[in-house]
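Novice: Here it is, the structure, as structure tokens.
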Amino acid sequence: MTTPTTSSGASEPVILDAAELASDPDLGARFTESAHQVLADLVRGGAAIGWVEPPSRDEVSELLDHVISAAHAGDGALRAAYLGRRLVGLGYWLRYARPTHRPHADVEKIAVDAAAHGRGIGRALTTALIADARRAGIEVLTLDARGDNSTAHRLYRSLGFSEYGRLPGFVAVGTSRYDKVCYLLDLRRVRQEG
């Protein structure tokens, strides 16, 4: 893997897909451990990424095995963001399992290492996942975000997602409750306009 640099010498993030990740034996071998570290650290810091307690390494390994298998079958996409050789973020979508929903997919996770926030990595991951969905023929891409995650809401709206629903007080973190805000990106409309 090459490490692109700008004219000032600062590293730019490299966004790899599942196949590119697998083609680098060193990164592939360390991916699960690196992803576990990023996800567990984010959860310990209070990030809204689906866990209340940091996930175990086995839980992350099982999740990633499922996502990579789905990506190889055309039923998902995985993207990993690197600065140099350090994993700083990951995201994925999975096609809906219900037969009547198979043309659609859900972005289930976008996670960026707290130390790398503000570098456009979440935008780069999400943009790559949208492009993957288009190539896979996904018609509607959905995602949800916790109501208090204003940074995520701004990002998703700026990329063309529209809010289609809100479940008040649906997300439970201890005794705290947050809205679950649901978004969609209708890729059929984008195809027709483009």
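Letters A, B, ... go to the chains of the structure tokens in the order shown; residues in each chain start at 1; ligands are counted from 1 in the same order.
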For segment 170-173 of chain A, please output as an NGL selection string all residues within 9 Å (counting only C-alpha atoms; exclusion window: fewer than 3 positions along the same chain).

Specialist: :A and (51-52 or 146-147 or 166-167 or 176-180)

Novice: Identify, on the basis of only C-alpha atoms, every residue whose closest approach to Arg79 of chain A does not exceed 7 Å; exclude the query and any residue fewer than 5 positions from it along the same chain; express the result as number ranges by chain.

Specialist: A: 15-18, 90-92, 125, 129

Novice: Of the candidates A:Leu159, A:Ala97, A:Leu42, A:Ala115, which shows the shortest atom-to-atom distance to Thr127 of chain A, using only C-alpha atoms?

Specialist: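 Answer, going by the shortest atom-to-atom distance: A:Leu159.
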
Novice: For atom CA of His104 of chain A and atom CA of Glu62 of chain A, determine how far apart the two atoms are, in Å to one decimal place.

Specialist: 23.1 Å

Novice: Could you give me, as a tab-separated table, a per-residue list for segment 30-138 of chain A showing, wherever an atom lies at most 10 Å from an atom of segment 182-191 of chain A, the closest pair of atoms and their distance in Å to one decimal, using only C-alpha atoms and sorting by chain then residue number from low to high?

Specialist:
```
residue	atom	partner	partner_atom	distance
A:His104	CA	A:Asp186	CA	9.4
A:Ala105	CA	A:Leu184	CA	9.9
A:Asp106	CA	A:Leu184	CA	8.9
A:Val107	CA	A:Leu184	CA	9.8
A:Ile130	CA	A:Leu185	CA	8.8
A:Ala133	CA	A:Leu187	CA	8.5
A:Arg134	CA	A:Leu187	CA	6.9
A:Gly137	CA	A:Leu187	CA	8.6
A:Ile138	CA	A:Leu187	CA	7.0
```

Novice: Between atom CA of Gly45 of chain A and atom CA of Gly28 of chain A, what is the distance, to one decimal in Å?

Specialist: 26.1 Å

Novice: From the options A:Ala35, A:Val14, A:Leu143, A:Ala19, which residue's atoms come nearest to Gly165 of chain A, counting only C-alpha atoms?

Specialist: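 So, comparing all the options, the nearest one is A:Leu143.
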